[in-house]
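Asks: Got a structure for you, questions after.
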Protein chains: 2
Amino acid sequence: MTTQPRMVEVRARILKENDVLARRLRERFQRAGVRVISFVSSPGSGKTTFLEKLMSRMAGRHRIAALVGDLATENDAARLARTCTQVRQITTGTICHLDAKMVAGALDGWQLDDLDFLFIENVGNLVCPSSYDLGEQMRVVLLSATEGEDKPLKYPTIFNTSDVALITKIDMADAAEFDRETARRNILSVRPGMRILEVSAKTGAGMQETEDFLESVCVSDT
Amino acid sequence: MTTQPRMVEVRARILKENDVLARRLRERFQRAGVRVISFVSSPGSGKTTFLEKLMSRMAGRHRIAALVGDLATENDAARLARTCTQVRQITTGTICHLDAKMVAGALDGWQLDDLDFLFIENVGNLVCPSSYDLGEQMRVVLLSATEGEDKPLKYPTIFNTSDVALITKIDMADAAEFDRETARRNILSVRPGMRILEVSAKTGAGMQETEDFLESVCVSDT
């Protein structure tokens with residue numbers, strides 16, 4: 001196991017290169033005036049279902065595009081494309097996260113000036129995506145009511161590197177014996193002051209508040 | 001991004017070293033006559049709850065120990081320790097998977113000859129654990145009914161490198177509008193002939209069948 005330090009060293013260099021590329025992307029998004037919001041979560045937390053509902057609601061009033069990351073299949077892009085917005089799938093193969101280079105490549109040919117929002121759905125993974133800046137202005141971590149309240153404590157980095165926590169599938173909270181207060185306390189213990197929203201894409205509960213919140217995000221001036 | 005090939009090369013070497021160590025572990029488990037079964041899944045699929053129930057049922061008739069992997073906290077080890085079996089937590093920090101070296105280290109001081117079963121609960125992650133052989137005799141991938149039927153198609157490698165699929169939280173299948181047949185079809189399209197079991201740790205449904213199946217696993221003679 002003598003190669004472990006080399007692995008760490010190579011990984012640090014790759015992360016640094018990613019940071020440089022992400023900074024360039026962020027400047028590009030800012031110049032174009034597009035608000036870029038990324039979504040991270042476990043597999044099956046409801047990212048695609050939530051985005052499908054959100055984009056359907058927002059599509060009439062905003063110009064929206066989305067990038068969707070998965071190891072395999074283009075199913076999610078096909079689902080989101082039903083909302084009549086521009087959608088591209090990024091298929092990562094065995095890579096467990098999106099990185100800034102993949103995002104930059106997927107934007108090829110799109111006129112960012114013509115967009116109000118770009119949503120980026122990361123690969124379903126509560127660990128690896130936390131290390132990769134995608135140039136986004138805001139990162140939202142989803143936690144479904146069926147996953148249990150302890151996830152923020154067990155995966156602290158992804159909550160720490162996110163700006164907003166979105167508790168999904170709230171309609172199933174009672175069936176899953178999900179304790180909202182414990183979940184909130186755990187989120188806030190990892191990231192004090194974090195904005196927490198609750199939503200059910202199925203019943204529509206919380207969708208208006210979430211939509212209002214995302215619409216209130218201003219184009220970054222940093 | 002010129003360092004990517006170096007990253008791949010270093011990763012290949014680490015995986016090869018892991019394979020060597022895993023082979024040694026497998027031989028050691030075989031000599032001791034202990035059946036070693038590992039469990040992989042998304043965060044929140046119910047690995048710990050399932051294992052807690054399984055170990056409680058089996059503890060009277062078998063000598064059992066468990067290793068539990070998480071990025072942070074020792075909560076899961078504390079939960080499993082209530083079953084009065086030997087339990088050790090492996091805290092991985094920012095590492096997204098267990099590897100053979102971590103498993104070997106965690107066994108220190110345990111008499112494997114005195115065990116019938118060793119259960120290993122991996123970090124909740126449907127991507128990275130697939131590449132790391134832990135010397136286990138059988139790998140079980142859990143898929144909860146609340147995660148959706150499409151996960152085998154989107155995370156094919158973890159299903160391909162597992163021997164058995166265990167559909168958990170089956171009591172919530174109706175509430176989650178989970179389509180069993182589609183899930184089974186998707187699992188089998190990725191890994192034809194895969195054994196599929198359904199279970200609810202909450203209601204106990206399927207627990208007896210799962211227990212019988214795991215008890216029927218013979219000590220490897222390979």
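Quick note on naming: the chains in the structure tokens go A, B, ... in the order shown, residues restart at 1 in each chain, and ligands are numbered from 1 in order of appearance.
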Listing only residues of stretch 147-221 of chain B within 12 Å of stretch 174-180 of chain A, what is the closest atom pair and its distance in Å (to one decimal) for each, using only C-alpha atoms, sorted by chain and residue number ascending, as a tab-separated table?
Replies:
residue	atom	partner	partner_atom	distance
B:Lys169	CA	A:Ala176	CA	9.2
B:Ile170	CA	A:Ala176	CA	11.7
B:Asp171	CA	A:Ala175	CA	9.4
B:Met172	CA	A:Ala175	CA	7.5
B:Ala173	CA	A:Ala175	CA	10.9
B:Asp174	CA	A:Ala175	CA	10.9
B:Ala175	CA	A:Ala175	CA	8.1
B:Ala176	CA	A:Ala175	CA	10.0
B:Lys202	CA	A:Ala176	CA	9.9
Asks: Distance table requested - chain A against chain B, cut-off 9 Å, only C-alpha atoms: one row per qualifying residue with the closest atom pair and its distance in Å to one decimal, ordered by chain and rising residue number, as JSON lines.
Replies:
{"residue": "A:Met1", "atom": "CA", "partner": "B:Glu17", "partner_atom": "CA", "distance": 6.8}
{"residue": "A:Thr3", "atom": "CA", "partner": "B:Ile14", "partner_atom": "CA", "distance": 6.9}
{"residue": "A:Gln4", "atom": "CA", "partner": "B:Ile14", "partner_atom": "CA", "distance": 7.5}
{"residue": "A:Arg6", "atom": "CA", "partner": "B:Val10", "partner_atom": "CA", "distance": 7.5}
{"residue": "A:Met7", "atom": "CA", "partner": "B:Val10", "partner_atom": "CA", "distance": 6.1}
{"residue": "A:Val10", "atom": "CA", "partner": "B:Met7", "partner_atom": "CA", "distance": 6.1}
{"residue": "A:Arg11", "atom": "CA", "partner": "B:Met7", "partner_atom": "CA", "distance": 7.1}
{"residue": "A:Arg13", "atom": "CA", "partner": "B:Thr3", "partner_atom": "CA", "distance": 7.8}
{"residue": "A:Ile14", "atom": "CA", "partner": "B:Thr3", "partner_atom": "CA", "distance": 6.9}
{"residue": "A:Glu17", "atom": "CA", "partner": "B:Met1", "partner_atom": "CA", "distance": 6.8}
{"residue": "A:Asn18", "atom": "CA", "partner": "B:Met1", "partner_atom": "CA", "distance": 8.2}
{"residue": "A:Ser42", "atom": "CA", "partner": "B:Pro43", "partner_atom": "CA", "distance": 6.1}
{"residue": "A:Pro43", "atom": "CA", "partner": "B:Ser42", "partner_atom": "CA", "distance": 6.1}
{"residue": "A:Gly44", "atom": "CA", "partner": "B:Glu147", "partner_atom": "CA", "distance": 4.0}
{"residue": "A:Ser45", "atom": "CA", "partner": "B:Glu147", "partner_atom": "CA", "distance": 6.6}
{"residue": "A:Gly46", "atom": "CA", "partner": "B:Glu147", "partner_atom": "CA", "distance": 7.9}
{"residue": "A:Asp70", "atom": "CA", "partner": "B:Lys154", "partner_atom": "CA", "distance": 6.6}
{"residue": "A:Leu71", "atom": "CA", "partner": "B:Lys154", "partner_atom": "CA", "distance": 6.0}
{"residue": "A:Ala72", "atom": "CA", "partner": "B:Lys154", "partner_atom": "CA", "distance": 5.0}
{"residue": "A:Thr73", "atom": "CA", "partner": "B:Lys154", "partner_atom": "CA", "distance": 6.0}
{"residue": "A:Glu74", "atom": "CA", "partner": "B:Lys154", "partner_atom": "CA", "distance": 8.9}
{"residue": "A:Asn75", "atom": "CA", "partner": "B:Lys154", "partner_atom": "CA", "distance": 8.7}
{"residue": "A:Thr94", "atom": "CA", "partner": "B:Val127", "partner_atom": "CA", "distance": 7.4}
{"residue": "A:Ile95", "atom": "CA", "partner": "B:Val127", "partner_atom": "CA", "distance": 8.0}
{"residue": "A:Cys96", "atom": "CA", "partner": "B:Val127", "partner_atom": "CA", "distance": 5.9}
{"residue": "A:Lys101", "atom": "CA", "partner": "B:Met1", "partner_atom": "CA", "distance": 8.4}
{"residue": "A:Gly124", "atom": "CA", "partner": "B:Leu126", "partner_atom": "CA", "distance": 8.1}
{"residue": "A:Asn125", "atom": "CA", "partner": "B:Asn125", "partner_atom": "CA", "distance": 6.2}
{"residue": "A:Leu126", "atom": "CA", "partner": "B:Asn125", "partner_atom": "CA", "distance": 7.2}
{"residue": "A:Val127", "atom": "CA", "partner": "B:Cys96", "partner_atom": "CA", "distance": 5.9}
{"residue": "A:Cys128", "atom": "CA", "partner": "B:Cys96", "partner_atom": "CA", "distance": 6.8}
{"residue": "A:Ser144", "atom": "CA", "partner": "B:Gly44", "partner_atom": "CA", "distance": 9.0}
{"residue": "A:Thr146", "atom": "CA", "partner": "B:Thr146", "partner_atom": "CA", "distance": 6.8}
{"residue": "A:Glu147", "atom": "CA", "partner": "B:Gly44", "partner_atom": "CA", "distance": 4.1}
{"residue": "A:Gly148", "atom": "CA", "partner": "B:Gly44", "partner_atom": "CA", "distance": 6.1}
{"residue": "A:Asp150", "atom": "CA", "partner": "B:Gly44", "partner_atom": "CA", "distance": 8.8}
{"residue": "A:Lys151", "atom": "CA", "partner": "B:Pro43", "partner_atom": "CA", "distance": 7.4}
{"residue": "A:Leu153", "atom": "CA", "partner": "B:Thr73", "partner_atom": "CA", "distance": 6.9}
{"residue": "A:Lys154", "atom": "CA", "partner": "B:Ala72", "partner_atom": "CA", "distance": 5.0}
{"residue": "A:Tyr155", "atom": "CA", "partner": "B:Leu71", "partner_atom": "CA", "distance": 6.3}
{"residue": "A:Pro156", "atom": "CA", "partner": "B:Ala72", "partner_atom": "CA", "distance": 7.6}
{"residue": "A:Thr157", "atom": "CA", "partner": "B:Thr94", "partner_atom": "CA", "distance": 8.0}
{"residue": "A:Met172", "atom": "CA", "partner": "B:Ala175", "partner_atom": "CA", "distance": 7.5}
{"residue": "A:Ala175", "atom": "CA", "partner": "B:Met172", "partner_atom": "CA", "distance": 7.5}
{"residue": "A:Ala176", "atom": "CA", "partner": "B:Met172", "partner_atom": "CA", "distance": 8.0}
Asks: Output C-alpha atoms of each residue in that selection to a file, as a short mmCIF file (atom, residue, chain, number, x, y, z; two decimals), in the first residue's frame.
Replies:
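Here's the written file result_20.cif:
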data_model
loop_
_atom_site.label_atom_id
_atom_site.label_comp_id
_atom_site.auth_asym_id
_atom_site.auth_seq_id
_atom_site.Cartn_x
_atom_site.Cartn_y
_atom_site.Cartn_z
CA MET A 1 0.00 0.00 0.00
CA THR A 3 1.23 4.08 -3.42
CA GLN A 4 -1.45 5.70 -1.26
CA ARG A 6 0.95 9.17 -4.62
CA MET A 7 -2.81 8.68 -5.05
CA VAL A 10 -2.42 13.05 -7.91
CA ARG A 11 -5.96 13.59 -6.58
CA ARG A 13 -3.59 18.06 -8.42
CA ILE A 14 -6.75 17.00 -10.24
CA GLU A 17 -7.18 21.80 -11.89
CA ASN A 18 -10.91 21.32 -11.40
CA SER A 42 -28.20 9.71 -2.74
CA PRO A 43 -29.47 7.61 -5.61
CA GLY A 44 -33.26 7.56 -5.46
CA SER A 45 -33.78 10.72 -3.40
CA GLY A 46 -36.04 12.13 -6.10
CA ASP A 70 -25.51 9.41 -14.55
CA LEU A 71 -23.12 6.48 -14.83
CA ALA A 72 -25.33 4.90 -17.48
CA THR A 73 -28.61 5.41 -19.41
CA GLU A 74 -30.13 8.59 -20.79
CA ASN A 75 -33.44 8.00 -18.97
CA THR A 94 -17.59 4.45 -13.91
CA ILE A 95 -16.87 7.98 -12.62
CA CYS A 96 -18.77 8.67 -9.41
CA LYS A 101 -14.58 19.66 -17.43
CA GLY A 124 -26.54 10.05 -7.21
CA ASN A 125 -23.80 9.86 -4.58
CA LEU A 126 -23.50 11.48 -1.14
CA VAL A 127 -19.70 11.29 -1.04
CA CYS A 128 -17.68 12.03 -4.17
CA SER A 144 -35.58 12.14 1.16
CA THR A 146 -37.43 7.70 3.43
CA GLU A 147 -33.64 7.77 3.90
CA GLY A 148 -33.62 8.53 7.61
CA ASP A 150 -29.04 10.51 10.32
CA LYS A 151 -27.63 11.15 6.85
CA LEU A 153 -24.19 13.22 10.46
CA LYS A 154 -22.91 10.33 8.36
CA TYR A 155 -22.16 12.34 5.21
CA PRO A 156 -21.18 15.72 6.70
CA THR A 157 -19.01 16.97 3.82
CA MET A 172 -44.01 9.71 2.94
CA ALA A 175 -45.13 6.05 6.65
CA ALA A 176 -41.33 6.12 7.02
#
Asks: Run DSSP on the backbone and grab whatever in stretch 71-217 of chain B lands in alpha helix (DSSP H); send it over as a PyMOL selection string.
Replies: chain B and resi 75-81+100-106+151-154+156-160+180-190+207-215
Asks: Give me, as an NGL selection string, all polymer residues having an atom no more than 8 Å from B:Val68, counting only C-alpha atoms and skipping those fewer than 3 positions away in the same chain.
Replies: :B and (76-77 or 87-90 or 120-123)
Asks: Measuring between only C-alpha atoms, which one of A:Glu198, A:Asp163, A:Glu181, A:Asp116 shows the shortest distance to A:Gly60?
Replies: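 Closest to A:Gly60 of all the choices is A:Asp116.
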Asks: Would you kindly return, as an MDAnalysis selection string, each protein, DNA or RNA residue with an atom no farther than 8 Å from any atom of stretch 30-38 of chain B, considering only C-alpha atoms and excluding same-chain residues fewer than 5 positions away?
Replies: chainID B and resid 112:113 115:122 135:140 217:221
Asks: Write down as a list of chain:residue names the residues belonging to stretch 14-67 of chain A that are assigned strand (DSSP E or B) by DSSP computed on the backbone.
Replies: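 DSSP on the backbone gives strand (DSSP E or B) at A:Arg35, A:Val36, A:Ile37, A:Ser38, A:Phe39, A:Val40, A:Ile64, A:Ala65, A:Ala66, A:Leu67.
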Asks: Output N, CA and C atoms of each residue in that selection to a file, as a short mmCIF file (atom, residue, chain, number, x, y, z; two decimals), in the first residue's frame.
Replies:
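This went into result.cif:
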data_model
loop_
_atom_site.label_atom_id
_atom_site.label_comp_id
_atom_site.auth_asym_id
_atom_site.auth_seq_id
_atom_site.Cartn_x
_atom_site.Cartn_y
_atom_site.Cartn_z
N ARG A 35 -28.36 31.91 -13.88
CA ARG A 35 -28.26 31.39 -12.51
C ARG A 35 -28.07 29.87 -12.59
N VAL A 36 -26.99 29.39 -12.00
CA VAL A 36 -26.65 27.97 -12.12
C VAL A 36 -26.78 27.29 -10.76
N ILE A 37 -27.66 26.31 -10.69
CA ILE A 37 -27.95 25.64 -9.42
C ILE A 37 -27.74 24.15 -9.61
N SER A 38 -26.92 23.55 -8.75
CA SER A 38 -26.69 22.10 -8.88
C SER A 38 -27.39 21.35 -7.77
N PHE A 39 -27.69 20.08 -8.03
CA PHE A 39 -28.43 19.23 -7.09
C PHE A 39 -27.66 17.94 -6.85
N VAL A 40 -27.42 17.65 -5.58
CA VAL A 40 -26.71 16.42 -5.19
C VAL A 40 -27.58 15.64 -4.21
N ILE A 64 -34.90 27.94 -19.44
CA ILE A 64 -34.21 26.98 -18.57
C ILE A 64 -33.50 25.93 -19.40
N ALA A 65 -32.34 25.49 -18.91
CA ALA A 65 -31.68 24.31 -19.48
C ALA A 65 -31.20 23.44 -18.34
N ALA A 66 -30.95 22.17 -18.63
CA ALA A 66 -30.50 21.26 -17.58
C ALA A 66 -29.45 20.29 -18.10
N LEU A 67 -28.49 19.99 -17.22
CA LEU A 67 -27.51 18.93 -17.47
C LEU A 67 -27.76 17.83 -16.44
#
